[in-house]
$ cat my_file-v3.cif   # mmCIF, C-alpha atoms
data_coords
#
loop_
_atom_site.group_PDB
_atom_site.id
_atom_site.type_symbol
_atom_site.label_atom_id
_atom_site.label_comp_id
_atom_site.auth_asym_id
_atom_site.auth_seq_id
_atom_site.Cartn_x
_atom_site.Cartn_y
_atom_site.Cartn_z
ATOM 1 C CA MET A 714 130.588 73.332 51.001
ATOM 2 C CA MET A 715 133.234 71.051 52.498
ATOM 3 C CA SER A 716 134.042 71.612 56.154
ATOM 4 C CA GLU A 717 137.592 72.777 56.895
ATOM 5 C CA PRO A 718 137.926 72.638 60.691
ATOM 6 C CA ASP A 719 140.848 74.287 62.440
ATOM 7 C CA GLY A 720 143.116 72.351 64.761
ATOM 8 C CA ALA A 721 143.186 72.938 68.529
ATOM 9 C CA PHE A 722 146.253 72.263 70.668
ATOM 10 C CA LEU A 723 147.267 72.776 74.276
ATOM 11 C CA LYS A 724 150.703 72.512 75.877
ATOM 12 C CA LEU A 725 151.302 72.755 79.606
ATOM 13 C CA ARG A 726 154.593 72.610 81.451
ATOM 14 C CA ILE A 727 153.244 71.202 84.679
ATOM 15 C CA ALA A 728 154.116 68.670 87.372
ATOM 16 C CA ARG A 729 152.232 65.413 86.919
ATOM 17 C CA PRO A 730 150.320 65.604 90.250
ATOM 18 C CA ASP A 731 149.073 69.094 89.321
ATOM 19 C CA LEU A 732 148.146 67.889 85.842
ATOM 20 C CA VAL A 733 146.102 65.023 87.269
ATOM 21 C CA ARG A 734 144.368 67.389 89.711
ATOM 22 C CA TRP A 735 143.391 69.629 86.790
ATOM 23 C CA LEU A 736 142.253 66.725 84.619
ATOM 24 C CA ASP A 737 139.995 65.502 87.427
ATOM 25 C CA ALA A 738 138.595 68.947 88.285
ATOM 26 C CA PRO A 739 135.427 70.432 86.732
ATOM 27 C CA PRO A 740 136.007 72.616 83.650
ATOM 28 C CA ALA A 741 136.196 76.352 84.241
ATOM 29 C CA ARG A 742 133.280 78.391 82.922
ATOM 30 C CA ALA A 743 133.853 80.655 79.934
ATOM 31 C CA SER A 744 131.957 83.430 81.724
ATOM 32 C CA GLY A 745 134.844 83.648 84.180
ATOM 33 C CA TRP A 746 136.655 85.820 81.596
ATOM 34 C CA VAL A 747 135.387 88.852 79.728
ATOM 35 C CA ASP A 748 138.101 89.280 77.057
ATOM 36 C CA TRP A 749 136.712 86.849 74.453
ATOM 37 C CA ARG A 750 136.284 89.667 71.934
ATOM 38 C CA ASP A 751 140.086 89.524 71.596
ATOM 39 C CA ILE A 752 139.716 86.398 69.460
ATOM 40 C CA GLY A 753 138.709 88.852 66.744
ATOM 41 C CA GLY A 754 137.363 88.063 63.299
ATOM 42 C CA GLN A 755 133.840 88.073 61.902
ATOM 43 C CA TRP A 756 131.247 85.536 63.040
ATOM 44 C CA TYR A 757 127.546 84.837 62.557
ATOM 45 C CA PHE A 758 125.253 85.917 65.372
ATOM 46 C CA ASP A 759 121.470 86.281 65.499
ATOM 47 C CA ALA A 760 121.542 89.439 63.394
ATOM 48 C CA GLY A 761 124.013 88.010 60.871
ATOM 49 C CA PRO A 762 127.777 88.445 60.407
ATOM 50 C CA GLU A 763 129.408 90.792 62.891
ATOM 51 C CA GLU A 764 132.917 91.678 64.005
ATOM 52 C CA LEU A 765 133.522 89.943 67.334
ATOM 53 C CA ARG A 766 135.266 92.993 68.774
ATOM 54 C CA GLY A 767 132.133 95.046 68.157
ATOM 55 C CA ILE A 768 129.415 92.790 69.575
ATOM 56 C CA SER A 769 127.241 94.114 72.362
ATOM 57 C CA MET A 770 127.622 93.062 75.971
ATOM 58 C CA MET A 771 124.220 91.380 75.677
ATOM 59 C CA GLN A 772 125.442 89.271 72.757
ATOM 60 C CA LEU A 773 128.673 88.451 74.595
ATOM 61 C CA VAL A 774 126.746 87.347 77.691
ATOM 62 C CA ARG A 775 124.444 85.196 75.545
ATOM 63 C CA THR A 776 127.447 83.569 73.876
ATOM 64 C CA MET A 777 129.075 82.932 77.263
ATOM 65 C CA ALA A 778 125.886 81.284 78.511
ATOM 66 C CA GLU A 779 125.822 78.975 75.474
ATOM 67 C CA CYS A 780 129.463 78.012 76.016
ATOM 68 C CA ASP A 781 128.968 77.502 79.755
ATOM 69 C CA ALA A 782 126.099 75.132 78.997
ATOM 70 C CA ILE A 783 128.396 73.045 76.786
ATOM 71 C CA LEU A 784 131.156 73.028 79.418
ATOM 72 C CA ALA A 785 128.695 71.973 82.113
ATOM 73 C CA ARG A 786 128.032 68.716 80.245
ATOM 74 C CA SER A 787 131.507 67.483 81.254
ATOM 75 C CA ALA A 788 132.109 66.527 84.880
ATOM 76 C CA THR A 789 135.897 66.879 84.526
ATOM 77 C CA ASN A 790 138.509 68.457 82.299
ATOM 78 C CA ARG A 791 139.559 64.946 81.297
ATOM 79 C CA GLN A 792 136.051 64.307 79.970
ATOM 80 C CA ALA A 793 135.931 67.710 78.281
ATOM 81 C CA LEU A 794 139.311 67.133 76.611
ATOM 82 C CA ARG A 795 138.150 63.710 75.473
ATOM 83 C CA GLY A 796 135.330 65.478 73.646
ATOM 84 C CA ILE A 797 137.870 67.780 71.957
ATOM 85 C CA LEU A 798 140.083 64.863 70.911
ATOM 86 C CA ASN A 799 137.115 62.894 69.639
ATOM 87 C CA ALA A 800 136.481 65.660 67.104
ATOM 88 C CA ALA A 801 139.497 64.307 65.186
ATOM 89 C CA GLU A 802 138.421 62.835 61.873
ATOM 90 C CA THR A 803 140.812 59.890 62.406
ATOM 91 C CA PRO A 804 142.695 58.635 65.518
ATOM 92 C CA GLU A 805 146.035 59.421 63.837
ATOM 93 C CA ILE A 806 145.413 63.168 63.951
ATOM 94 C CA ARG A 807 144.679 63.456 67.664
ATOM 95 C CA HIS A 808 147.316 63.461 70.377
ATOM 96 C CA ALA A 809 147.644 63.441 74.171
ATOM 97 C CA THR A 810 150.950 62.720 75.924
ATOM 98 C CA TYR A 811 152.878 63.623 79.062
ATOM 99 C CA ASP A 812 156.685 63.712 79.100
ATOM 100 C CA PRO A 813 157.954 63.300 82.683
ATOM 101 C CA GLY A 814 161.400 64.538 81.649
ATOM 102 C CA THR A 815 160.271 67.933 80.390
ATOM 103 C CA ARG A 816 156.994 67.959 82.394
ATOM 104 C CA ASP A 817 155.160 68.817 79.168
ATOM 105 C CA PHE A 818 151.560 67.765 78.611
ATOM 106 C CA VAL A 819 150.516 68.152 74.971
ATOM 107 C CA ALA A 820 147.017 67.462 73.678
ATOM 108 C CA GLY A 821 145.014 68.348 70.606
ATOM 109 C CA THR A 822 143.583 67.467 67.230
ATOM 110 C CA LEU A 823 144.257 68.659 63.696
ATOM 111 C CA THR A 824 140.511 68.739 62.975
ATOM 112 C CA TYR A 825 138.468 70.371 65.699
ATOM 113 C CA SER A 826 135.898 72.936 64.535
ATOM 114 C CA GLU A 827 135.073 76.107 62.623
ATOM 115 C CA ASN A 828 132.585 77.351 65.215
ATOM 116 C CA LEU A 829 133.217 80.281 67.567
ATOM 117 C CA ASN A 830 131.429 78.664 70.515
ATOM 118 C CA ASP A 831 133.543 75.519 70.119
ATOM 119 C CA PHE A 832 136.683 77.656 70.063
ATOM 120 C CA ILE A 833 135.670 79.438 73.266
ATOM 121 C CA VAL A 834 134.867 76.099 74.928
ATOM 122 C CA PHE A 835 138.331 74.724 74.116
ATOM 123 C CA LEU A 836 140.070 77.913 75.209
ATOM 124 C CA ALA A 837 138.078 78.027 78.462
ATOM 125 C CA ILE A 838 139.149 74.452 79.237
ATOM 126 C CA ALA A 839 142.760 75.478 78.613
ATOM 127 C CA ARG A 840 142.480 78.665 80.674
ATOM 128 C CA GLY A 841 141.190 76.684 83.613
ATOM 129 C CA ALA A 842 144.538 74.871 83.749
ATOM 130 C CA ALA A 843 146.307 78.085 84.760
ATOM 131 C CA ALA A 844 144.820 77.814 88.263
ATOM 132 C CA PHE A 845 146.811 74.567 88.704
ATOM 133 C CA LEU A 846 150.177 75.910 87.482
ATOM 134 C CA ALA A 847 152.987 76.545 89.941
ATOM 135 C CA PRO A 848 154.695 79.972 89.773
ATOM 136 C CA ASP A 849 157.382 78.609 87.423
ATOM 137 C CA GLU A 850 154.961 76.700 85.169
ATOM 138 C CA HIS A 851 153.315 77.921 81.977
ATOM 139 C CA GLY A 852 151.458 76.884 78.862
ATOM 140 C CA ILE A 853 150.025 77.807 75.480
ATOM 141 C CA ALA A 854 146.765 77.053 73.681
ATOM 142 C CA VAL A 855 146.340 77.563 69.943
ATOM 143 C CA ILE A 856 143.588 77.295 67.354
ATOM 144 C CA HIS A 857 145.283 77.063 63.967
ATOM 145 C CA ASN A 858 144.609 75.821 60.441
ATOM 146 C CA TYR A 859 147.292 73.192 59.775
ATOM 147 C CA LEU A 860 145.640 71.440 56.845
ATOM 148 C CA TRP A 861 143.631 73.555 54.459
ATOM 149 C CA GLY A 862 144.533 75.868 51.579
ATOM 150 C CA ASP A 863 147.817 77.571 50.772
ATOM 151 C CA GLU A 864 150.414 78.569 53.334
ATOM 152 C CA ASP A 865 148.978 82.096 53.609
ATOM 153 C CA GLU A 866 145.594 80.582 54.510
ATOM 154 C CA GLN A 867 147.037 78.431 57.297
ATOM 155 C CA ILE A 868 146.630 81.048 59.985
ATOM 156 C CA THR A 869 146.234 81.124 63.757
ATOM 157 C CA GLN A 870 142.673 81.986 64.752
ATOM 158 C CA ALA A 871 143.456 82.424 68.459
ATOM 159 C CA ALA A 872 146.418 81.956 70.779
ATOM 160 C CA LEU A 873 146.496 82.032 74.572
ATOM 161 C CA ARG A 874 149.406 82.400 76.936
ATOM 162 C CA LEU A 875 148.925 80.510 80.201
ATOM 163 C CA GLY A 876 150.961 81.439 83.269
ATOM 164 C CA PRO A 877 153.324 81.941 84.783
ATOM 165 C CA GLY A 878 151.104 80.808 87.604
ATOM 166 C CA SER A 879 147.374 81.437 87.407
ATOM 167 C CA ALA A 880 147.400 84.181 84.731
ATOM 168 C CA SER A 881 146.085 83.747 81.187
ATOM 169 C CA GLY A 882 145.517 86.073 78.256
ATOM 170 C CA PHE A 883 145.360 86.309 74.489
ATOM 171 C CA MET A 884 148.555 86.970 72.572
ATOM 172 C CA ASP A 885 148.630 90.139 70.511
ATOM 173 C CA GLU A 886 148.220 89.823 66.749
ATOM 174 C CA ALA A 887 151.935 89.854 65.935
ATOM 175 C CA GLU A 888 152.824 87.226 68.531
ATOM 176 C CA GLY A 889 149.766 85.148 67.747
ATOM 177 C CA ARG A 890 150.662 84.865 64.050
ATOM 178 C CA SER A 891 153.612 82.629 64.892
ATOM 179 C CA ALA A 892 151.973 80.721 67.763
ATOM 180 C CA GLY A 893 150.808 77.874 65.536
ATOM 181 C CA GLY A 894 154.459 77.047 64.928
ATOM 182 C CA ALA A 895 154.677 75.688 68.479
ATOM 183 C CA PHE A 896 152.808 72.594 67.250
ATOM 184 C CA GLN A 897 153.936 72.466 63.601
ATOM 185 C CA ALA A 898 156.470 69.672 64.119
ATOM 186 C CA LEU A 899 153.838 67.620 65.935
ATOM 187 C CA ALA A 900 151.314 68.303 63.177
ATOM 188 C CA ASP A 901 153.823 67.086 60.586
ATOM 189 C CA GLN A 902 154.434 63.906 62.608
ATOM 190 C CA MET A 903 150.706 63.287 62.950
ATOM 191 C CA LEU A 904 150.315 63.445 59.176
ATOM 192 C CA ASP A 905 152.993 60.780 58.765
ATOM 193 C CA GLN A 906 150.920 57.664 58.163
ATOM 194 C CA ALA A 907 153.651 55.456 59.657
ATOM 195 C CA ARG A 908 153.214 57.081 63.077
ATOM 196 C CA PRO A 909 150.886 55.261 65.504
ATOM 197 C CA PRO A 910 148.298 57.353 67.407
ATOM 198 C CA LEU A 911 149.484 58.596 70.809
ATOM 199 C CA ASP A 912 146.634 59.115 73.277
ATOM 200 C CA GLU A 913 147.468 58.825 76.975
ATOM 201 C CA LEU A 914 144.622 60.985 78.255
ATOM 202 C CA ASP A 915 142.743 58.183 79.989
ATOM 203 C CA THR A 916 145.847 56.642 81.593
ATOM 204 C CA LEU A 917 147.259 59.821 83.135
ATOM 205 C CA ARG A 918 146.441 59.225 86.799
#

$ encode --input "my_file-v3.cif" --output "structure tokens"
Amino acid sequence: MMSEPDGAFLKLRIARPDLVRWLDAPPARASGWVDWRDIGGQWYFDAGPEELRGISMMQLVRTMAECDAILARSATNRQALRGILNAAETPEIRHATYDPGTRDFVAGTLTYSENLNDFIVFLAIARGAAAFLAPDEHGIAVIHNYLWGDEDEQITQAALRLGPGSASGFMDEAEGRSAGGAFQALADQMLDQARPPLDELDTLR
């Protein structure tokens, strides 16, 4: 069966010095939050397919430990994000830029993963950014299918609201359904073969 990975995108409205501090800081651990069941959906665990909202605390703790082990392989958020971007099947469908005018940092790839642990890893990296946001700063992180199937199959798997300030949390189902639209214009641009890849992650200092 052909793999159909979802895209993963992050947008932060953040001052550049704070962005650089976050990029150079160690990734947050997924076990720092306990609301991962709110991703929802059905996933394969040791005992087979199971609704995420119904998994036991033991299974949740085991999953957190697996994700924390992955996050611990990266010394910084910059390195962790580089791993996310490198999941892109081609350079044209990954993106990382900072706009000093709007103070918006946008990063992601149209082809990331289909795996729950990978999703949690990406979302934990994003959630860690909230600790670096000023009271008037905010962000969003989305896992969304931009490429595969019909329009009704191109759904948002998970959407996080970051900020204002250090808060973060999952959007409710109704709000989350439209969250992928925050990156739709970018996704369309990335699929335009005439557009050169934009990847500033390593030069943001």

$ resolve_selection --input "my_file-v3.cif" --expression "the PyMOL selection byres ((chain A and resi 824) around 10)" --output "list in words"
Ser716, Glu717, Pro718, Asp719, Gly720, Ala721, Ile797, Leu798, Asn799, Ala800, Ala801, Glu802, Thr803, Ile806, Arg807, Gly821, Thr822, Leu823, Tyr825, Ser826, Glu827, His857, Asn858, Tyr859 and Leu860 of chain A

$ atom_distance --input "my_file-v3.cif" --atom1 "atom CA of Trp746 of chain A" --atom2 "atom CA of Ala843 of chain A"
12.8 Å

$ closest_atom_pairs --input "my_file-v3.cif" --of "segment 785-854 of chain A" --to "segment 755-779 of chain A" --cutoff "9 Å" --atoms "only C-alpha atoms" --output "JSON lines"
{"residue": "A:Asn828", "atom": "CA", "partner": "A:Trp756", "partner_atom": "CA", "distance": 8.6}
{"residue": "A:Leu829", "atom": "CA", "partner": "A:Trp756", "partner_atom": "CA", "distance": 7.2}
{"residue": "A:Asn830", "atom": "CA", "partner": "A:Thr776", "partner_atom": "CA", "distance": 7.2}
{"residue": "A:Ile833", "atom": "CA", "partner": "A:Met777", "partner_atom": "CA", "distance": 8.5}

$ closest_residue --input "my_file-v3.cif" --among "A:Arg742, A:Arg729, A:His851, A:Arg890" --to "Asn790 of chain A" --atoms "all atoms listed in the file"
A:Arg742

$ atom_distance --input "my_file-v3.cif" --atom1 "atom CA of Ala837 of chain A" --atom2 "atom CA of Pro813 of chain A"
25.1 Å

$ closest_residue --input "my_file-v3.cif" --among "A:Gly754, A:Pro848, A:Gly893, A:Pro910" --to "Pro877 of chain A" --atoms "only C-alpha atoms"
A:Pro848

$ resolve_selection --input "my_file-v3.cif" --expression "the PyMOL selection byres ((chain A and resi 814) around 12)" --output "VMD selection string"
chain A and resid 726 to 729 811 to 813 815 to 818

$ residues_around --input "my_file-v3.cif" --residues "Thr810 of chain A" --least-positions-apart "6" --cutoff "7 Å" --atoms "all atoms listed in the file" --output "list of chain:residue names"
A:Phe818, A:Val819, A:Ala820, A:Leu911, A:Asp912, A:Glu913, A:Leu914

$ atom_distance --input "my_file-v3.cif" --atom1 "atom CA of Ala839 of chain A" --atom2 "atom CA of Gly894 of chain A"
18.1 Å

$ resolve_selection --input "my_file-v3.cif" --expression "the PyMOL selection byres ((chain A and resi 784) around 8)" --output "list of chain:residue names"
A:Pro740, A:Ala741, A:Arg742, A:Cys780, A:Asp781, A:Ala782, A:Ile783, A:Ala785, A:Arg786, A:Ser787, A:Ala793, A:Val834

$ write_last_selection --input "my_file-v3.cif" --atoms "C-alpha atoms" --output "compact mmCIF listing (two decimals), in the coordinates of the input"
# COMPACT_ATOMS: atom_id res chain seq x y z
CA PRO A 740 136.01 72.62 83.65
CA ALA A 741 136.20 76.35 84.24
CA ARG A 742 133.28 78.39 82.92
CA CYS A 780 129.46 78.01 76.02
CA ASP A 781 128.97 77.50 79.76
CA ALA A 782 126.10 75.13 79.00
CA ILE A 783 128.40 73.04 76.79
CA ALA A 785 128.70 71.97 82.11
CA ARG A 786 128.03 68.72 80.24
CA SER A 787 131.51 67.48 81.25
CA ALA A 793 135.93 67.71 78.28
CA VAL A 834 134.87 76.10 74.93

$ closest_residue --input "my_file-v3.cif" --among "A:Leu875, A:Leu836, A:Ala844, A:Leu899" --to "Ile752 of chain A" --atoms "all atoms listed in the file"
A:Leu836

$ closest_residue --input "my_file-v3.cif" --among "A:Gly753, A:Leu723, A:Met903, A:Ala809" --to "Glu886 of chain A" --atoms "all atoms listed in the file"
A:Gly753

$ closest_residue --input "my_file-v3.cif" --among "A:Ala842, A:Phe722, A:Thr869, A:Phe832" --to "Pro739 of chain A" --atoms "all atoms listed in the file"
A:Ala842

$ closest_residue --input "my_file-v3.cif" --among "A:Thr789, A:Ser744, A:Ser891, A:Gln906" --to "Gln870 of chain A" --atoms "all atoms listed in the file"
A:Ser891

$ axis_aligned_box --input "my_file-v3.cif" --around "segment 772-789 of chain A" --padding-each-side "6 Å" --output "JSON"
{"center_x": 130.2, "center_y": 77.9, "center_z": 78.8, "size_x": 23.5, "size_y": 34.7, "size_z": 24.1}
